[in-house]
Amino acid sequence: MNEILAFIQNSPMTLYMLVMAIYLGFELISKVPTVLHTPLMSGANAISGVVIIGAILLVRQSASDDYLSLGLGFLGIILGMINVVGGHAVTNRMLEMFKKK
Amino acid sequence: MEALINSLYLISVVLLIVGLRRLSSPATARSGNLVAAGGMGIAILASLITPLEQGDNNYLIILIALVIGTLIGLVMSNRVAMTAMPELVSLFNGLGGACAVAISMIELYQYQSVFAGQEEGVVNLGKHATTQLAMLIGGIAFTGSLIAYGKLAGKIKDWRFSYTGFLNIGLLLIIIGFIAYRLFLPDASFVLPAIILLLALGYGVTFVMPIGGADMPVVISLLNAFTGVAAALAGIIYDNQLMLIGGILVGSSGTILTVLMCNAMNRSLLNVIIGGFGGSVASGRDEGERVVKEASSNDVAIMLRYSSTVVVVPGYGMAVAQAQKVCKELDNLLSVNGVNVYYAIHPVAGRMPGHMNVLLAEADVPYPKLLDLDDANELLKETDVTLVVGANDVVNPAALDDPSSPIYGMPILEILKSKNVIVLKRSMSAGYSGIENPLFFHEKTKMLFGDAKGSIQSLVDEVKQMG
């Protein structure tokens with residue numbers, strides 16, 4: 001409990017950011033036409049690949065002989081990158097079909 | 001240096017937000033995707049040059065991983081067929097979840113040396129809780145997405161028994177209990193975190209397994225939101241605002257999209273989460289005598305040719321048969337002959353919302369011909385012929401008048417308001433959700449059996465012969 005209170009006391013900006021990001025996400029989606037639901041879901045999915053930043057920081061922070069961290073981090077970067085690159089590429093392919101007209 | 005890094009992160013946050021915004025409007029969607037991708041690229045660059053207090057950087061390993069991931073991602077996204085798009089999105093989402101699992105496992109493992117007393121200091125309770133939650137949510141998103149992928153690809157069948165709902169709630173409570181225990185009484189052994197991970201992965205499986213195919217779009221959207229939340233939690237662990245904001249954006253937009261989809265099916269989100277619904281539950285009503293009327297392609301072609309308004313209702317069957325192009329050809333032929341052709345798109349037609357729109361856009365069907373649920377139901381009153389191409393549950397009239405039906409109350413395309421209904425179908429089997437459809441036995445309905453593409457092709461030929 002004290003931890004929570006301390007967090008609220010010490011990180012007001014993080015809390016504001018959280019609340020505004022949540023609100024922004026709601027606002028962005030609530031006006032979307034059905035046509036775009038699939039591409040949007042796919043694009044949002046690609047954005048959720050930001051978790052790759054964590055994997056990169058993890059590998060950079062690791063000692064070069066810490067094989068467990070390096071191994072899992074290596075795997076994490078590959079998986080995250082597939083999510084990011086594949087997600088954006090597949091979204092682009094979907095949207096290209098709308099472009100032709 | 002610090003200022004440069006912060007500016008880069010700030011720019012990429014703005015690009016992600018602008019990208020998402022542009023993605024939500026048809027005219028700007030394509031550039032929106034590129035803007036978001038640019039934001040992601042800048043963020044990765046920033047993470048590579050952020051000054052760190054410890055570690056050996058290991059750039060070679062990172063570079064190799066980035067290249068491998070990029071290549072795999074590009075190849076997979078280029079090879080996939082349009083019909084398989086939804087399962088690919090699900091698969092990608094699962095990989096993002098797996099990434100979150102990998103990094104939170106390492107973080108948790110590094111806390112071990114503190115718990116074991118090998119290292120000075122204490123692990124902040126909030127950070128420990130965040131890490132465990134990131135692992136849990138990432139794990140659920142990982143296996144859940146893989147199961148959803150398997151189901152959509154037809155590799156995994158529904159599996160259920162009477163108490164799946166209780167099993168899932170129980171499992172979730174056990175996991176949360178273990179996490180709380182671990183939080184307050186950590187020890188040097190890594191057995192409990194490993195058990196929590198296995199249970200989380202297991203929960204992903206048991207969570208998605210019993211959910212019927214018709215609910216898969218909702219589940220994928222929800223799991224997408226999960227991955228976003230896992231990324232945001234990881235952002236708290238690494239004190240990285242970009243991960244936090246990006247993850248939360250996906251989390252909240254994915255949640256609202258999930259809710260919109262649930263509303264479209266008249267289901268509560270809780271109902272979907274607990275599971276054990278929407279599967280192969282047969283309607284309890286006894287239909288009495290049921291007669292199916294079969295039509296020949298010649299009959300149907302004549303009906304279509306001399307109608308003034310025709311509404312096509314596409315469903316997953318159209319995607320499977322790849323019938324969208326030949327359907328557009330039929331549309332062109334009829335339009336030349338003065339028939340108004342429209343397409344009625346149910347919000348959950350196909351395996352993902354908007355799936356049908358993407359498919360028809362591929363066949364160059366212009367936007368104004370695509371009607372949403374409300375507009376379509378309005379037009380159906382004045383429609384001469386409704387042509388159902390591979391759709392089933394979204395036109396099931398049991399949703400309107402049969403309280404014992406599992407989809408009772410779901411808004412549907414009320415195609416029985418139109419004068420005639422032609423259903424293109426391969427056989428008399430039930431829809432993807434396994435629910436019987438009384439539409440097929442209705443007096444207004446005629447069935448045209450066969451593969452959707454072949455059936456429409458024969459309609460095209462017949463109409464052509466009429467000149």
# chains A, B, ... in the order shown; residues from 1 in each chain; ligands from 1
>>> interface_residues(of="chain A", to="chain B", cutoff="6 Å", atoms="only C-alpha atoms", output="PyMOL selection string")
chain A and resi 21-22+25-26+28-29+32+34-35+37-38+42+44-45+48-51+55+60-64+69+72+74+76-83+85-86+90+95+97-98
>>> select_by_dssp(residues="region 217-336 of chain B", states="strand (DSSP E)", output="VMD selection string")
chain B and resid 309 to 314
>>> write_last_selection(atoms="all heavy atoms", output="PDB file, in the first residue's frame")
ATOM      1  N   THR B 309     -32.907  -3.769 -57.761  1.00  0.00           N
ATOM      2  CA  THR B 309     -31.876  -3.651 -56.729  1.00  0.00           C
ATOM      3  C   THR B 309     -31.450  -5.041 -56.239  1.00  0.00           C
ATOM      4  O   THR B 309     -32.285  -5.862 -55.883  1.00  0.00           O
ATOM      5  CB  THR B 309     -32.397  -2.850 -55.517  1.00  0.00           C
ATOM      6  OG1 THR B 309     -32.921  -1.601 -55.980  1.00  0.00           O
ATOM      7  CG2 THR B 309     -31.282  -2.584 -54.531  1.00  0.00           C
ATOM      8  N   VAL B 310     -30.146  -5.265 -56.235  1.00  0.00           N
ATOM      9  CA  VAL B 310     -29.586  -6.519 -55.736  1.00  0.00           C
ATOM     10  C   VAL B 310     -28.589  -6.192 -54.630  1.00  0.00           C
ATOM     11  O   VAL B 310     -27.774  -5.285 -54.763  1.00  0.00           O
ATOM     12  CB  VAL B 310     -28.869  -7.293 -56.866  1.00  0.00           C
ATOM     13  CG1 VAL B 310     -28.083  -8.468 -56.303  1.00  0.00           C
ATOM     14  CG2 VAL B 310     -29.863  -7.775 -57.909  1.00  0.00           C
ATOM     15  N   VAL B 311     -28.701  -6.913 -53.511  1.00  0.00           N
ATOM     16  CA  VAL B 311     -27.742  -6.719 -52.417  1.00  0.00           C
ATOM     17  C   VAL B 311     -26.945  -8.010 -52.220  1.00  0.00           C
ATOM     18  O   VAL B 311     -27.526  -9.077 -52.070  1.00  0.00           O
ATOM     19  CB  VAL B 311     -28.460  -6.333 -51.106  1.00  0.00           C
ATOM     20  CG1 VAL B 311     -27.468  -6.345 -49.941  1.00  0.00           C
ATOM     21  CG2 VAL B 311     -29.086  -4.953 -51.226  1.00  0.00           C
ATOM     22  N   VAL B 312     -25.646  -7.889 -52.268  1.00  0.00           N
ATOM     23  CA  VAL B 312     -24.772  -9.035 -52.030  1.00  0.00           C
ATOM     24  C   VAL B 312     -24.339  -9.026 -50.565  1.00  0.00           C
ATOM     25  O   VAL B 312     -23.928  -7.991 -50.051  1.00  0.00           O
ATOM     26  CB  VAL B 312     -23.518  -8.967 -52.932  1.00  0.00           C
ATOM     27  CG1 VAL B 312     -22.592 -10.141 -52.665  1.00  0.00           C
ATOM     28  CG2 VAL B 312     -23.922  -8.920 -54.394  1.00  0.00           C
ATOM     29  N   VAL B 313     -24.483 -10.172 -49.890  1.00  0.00           N
ATOM     30  CA  VAL B 313     -24.025 -10.283 -48.508  1.00  0.00           C
ATOM     31  C   VAL B 313     -22.820 -11.220 -48.479  1.00  0.00           C
ATOM     32  O   VAL B 313     -22.965 -12.435 -48.528  1.00  0.00           O
ATOM     33  CB  VAL B 313     -25.131 -10.832 -47.586  1.00  0.00           C
ATOM     34  CG1 VAL B 313     -24.621 -10.930 -46.148  1.00  0.00           C
ATOM     35  CG2 VAL B 313     -26.362  -9.962 -47.642  1.00  0.00           C
ATOM     36  N   PRO B 314     -21.612 -10.655 -48.419  1.00  0.00           N
ATOM     37  CA  PRO B 314     -20.430 -11.509 -48.422  1.00  0.00           C
ATOM     38  C   PRO B 314     -20.109 -12.025 -47.022  1.00  0.00           C
ATOM     39  O   PRO B 314     -20.409 -11.370 -46.019  1.00  0.00           O
ATOM     40  CB  PRO B 314     -19.323 -10.564 -48.906  1.00  0.00           C
ATOM     41  CG  PRO B 314     -19.767  -9.213 -48.476  1.00  0.00           C
ATOM     42  CD  PRO B 314     -21.269  -9.221 -48.391  1.00  0.00           C
TER      43      PRO B 314
END
>>> residues_around(residues="Ala200 (chain B)", least_positions_apart="6", cutoff="9 Å", atoms="only C-alpha atoms", output="PyMOL selection string")
chain B and resi 135-140+143+171-172+175
>>> select_by_dssp(residues="chain A", states="alpha helix (DSSP H)", output="number ranges by chain")
A: 2-10, 12-30, 37-47, 51-61, 67-81, 87-99
>>> decode(residues="region 38-72 of chain A", atoms="N, CA and C atoms", output="CSV table (one decimal), in the first residue's frame")
chain,number,residue,atom,x,y,z
A,38,THR,N,-9.9,-3.9,-39.8
A,38,THR,CA,-8.8,-4.9,-39.9
A,38,THR,C,-7.4,-4.2,-40.1
A,39,PRO,N,-7.3,-3.3,-41.1
A,39,PRO,CA,-5.9,-2.6,-41.2
A,39,PRO,C,-5.5,-1.9,-39.9
A,40,LEU,N,-6.5,-1.3,-39.2
A,40,LEU,CA,-6.2,-0.6,-38.0
A,40,LEU,C,-5.7,-1.5,-36.9
A,41,MET,N,-6.4,-2.7,-36.8
A,41,MET,CA,-6.0,-3.6,-35.8
A,41,MET,C,-4.6,-4.1,-36.1
A,42,SER,N,-4.3,-4.3,-37.4
A,42,SER,CA,-3.0,-4.8,-37.8
A,42,SER,C,-1.9,-3.7,-37.5
A,43,GLY,N,-2.3,-2.5,-37.8
A,43,GLY,CA,-1.3,-1.4,-37.5
A,43,GLY,C,-1.1,-1.2,-36.1
A,44,ALA,N,-2.1,-1.3,-35.2
A,44,ALA,CA,-2.0,-1.2,-33.8
A,44,ALA,C,-1.1,-2.4,-33.3
A,45,ASN,N,-1.3,-3.5,-33.9
A,45,ASN,CA,-0.5,-4.7,-33.5
A,45,ASN,C,1.0,-4.5,-33.8
A,46,ALA,N,1.2,-3.8,-34.9
A,46,ALA,CA,2.6,-3.5,-35.2
A,46,ALA,C,3.2,-2.6,-34.2
A,47,ILE,N,2.4,-1.6,-33.8
A,47,ILE,CA,2.9,-0.6,-32.8
A,47,ILE,C,3.1,-1.3,-31.4
A,48,SER,N,2.3,-2.3,-31.1
A,48,SER,CA,2.6,-3.0,-29.9
A,48,SER,C,3.9,-3.7,-29.8
A,49,GLY,N,4.6,-3.7,-31.0
A,49,GLY,CA,5.9,-4.2,-31.1
A,49,GLY,C,6.9,-3.3,-30.4
A,50,VAL,N,6.5,-2.1,-29.9
A,50,VAL,CA,7.5,-1.3,-29.2
A,50,VAL,C,8.2,-2.0,-28.1
A,51,VAL,N,7.6,-3.1,-27.7
A,51,VAL,CA,8.3,-3.9,-26.6
A,51,VAL,C,9.7,-4.3,-27.0
A,52,ILE,N,10.0,-4.3,-28.3
A,52,ILE,CA,11.3,-4.6,-28.8
A,52,ILE,C,12.4,-3.6,-28.2
A,53,ILE,N,11.9,-2.4,-27.9
A,53,ILE,CA,12.9,-1.4,-27.3
A,53,ILE,C,13.4,-2.0,-26.0
A,54,GLY,N,12.5,-2.7,-25.2
A,54,GLY,CA,12.9,-3.3,-24.0
A,54,GLY,C,14.0,-4.4,-24.2
A,55,ALA,N,13.7,-5.2,-25.3
A,55,ALA,CA,14.6,-6.3,-25.6
A,55,ALA,C,16.0,-5.7,-26.0
A,56,ILE,N,16.0,-4.6,-26.8
A,56,ILE,CA,17.3,-4.1,-27.2
A,56,ILE,C,18.0,-3.5,-26.0
A,57,LEU,N,17.3,-2.8,-25.1
A,57,LEU,CA,18.0,-2.2,-23.9
A,57,LEU,C,18.5,-3.4,-23.1
A,58,LEU,N,17.7,-4.4,-23.0
A,58,LEU,CA,18.2,-5.6,-22.2
A,58,LEU,C,19.5,-6.1,-22.7
A,59,VAL,N,19.6,-6.4,-24.0
A,59,VAL,CA,20.8,-7.0,-24.5
A,59,VAL,C,22.0,-6.0,-24.3
A,60,ARG,N,21.7,-4.7,-24.5
A,60,ARG,CA,22.8,-3.7,-24.4
A,60,ARG,C,23.3,-3.7,-22.9
A,61,GLN,N,22.4,-3.9,-22.0
A,61,GLN,CA,22.7,-3.8,-20.6
A,61,GLN,C,23.5,-5.0,-20.1
A,62,SER,N,23.4,-6.1,-20.9
A,62,SER,CA,23.9,-7.4,-20.4
A,62,SER,C,25.5,-7.4,-20.6
A,63,ALA,N,26.1,-8.2,-19.7
A,63,ALA,CA,27.5,-8.4,-19.9
A,63,ALA,C,27.7,-9.4,-21.1
A,64,SER,N,28.8,-9.3,-21.8
A,64,SER,CA,28.9,-10.1,-23.0
A,64,SER,C,29.1,-11.6,-22.7
A,65,ASP,N,29.2,-12.0,-21.4
A,65,ASP,CA,29.3,-13.4,-21.1
A,65,ASP,C,28.1,-13.9,-20.4
A,66,ASP,N,27.1,-13.1,-20.4
A,66,ASP,CA,25.8,-13.4,-19.7
A,66,ASP,C,24.9,-14.1,-20.7
A,67,TYR,N,25.2,-15.4,-21.0
A,67,TYR,CA,24.6,-16.0,-22.2
A,67,TYR,C,23.1,-16.2,-22.1
A,68,LEU,N,22.6,-16.3,-20.8
A,68,LEU,CA,21.1,-16.5,-20.7
A,68,LEU,C,20.4,-15.2,-21.2
A,69,SER,N,20.9,-14.1,-20.6
A,69,SER,CA,20.3,-12.8,-21.0
A,69,SER,C,20.4,-12.5,-22.5
A,70,LEU,N,21.6,-12.8,-23.0
A,70,LEU,CA,21.9,-12.5,-24.4
A,70,LEU,C,21.0,-13.4,-25.3
A,71,GLY,N,20.9,-14.7,-24.9
A,71,GLY,CA,20.1,-15.6,-25.7
A,71,GLY,C,18.7,-15.3,-25.8
A,72,LEU,N,18.1,-15.0,-24.6
A,72,LEU,CA,16.6,-14.7,-24.5
A,72,LEU,C,16.4,-13.3,-25.2
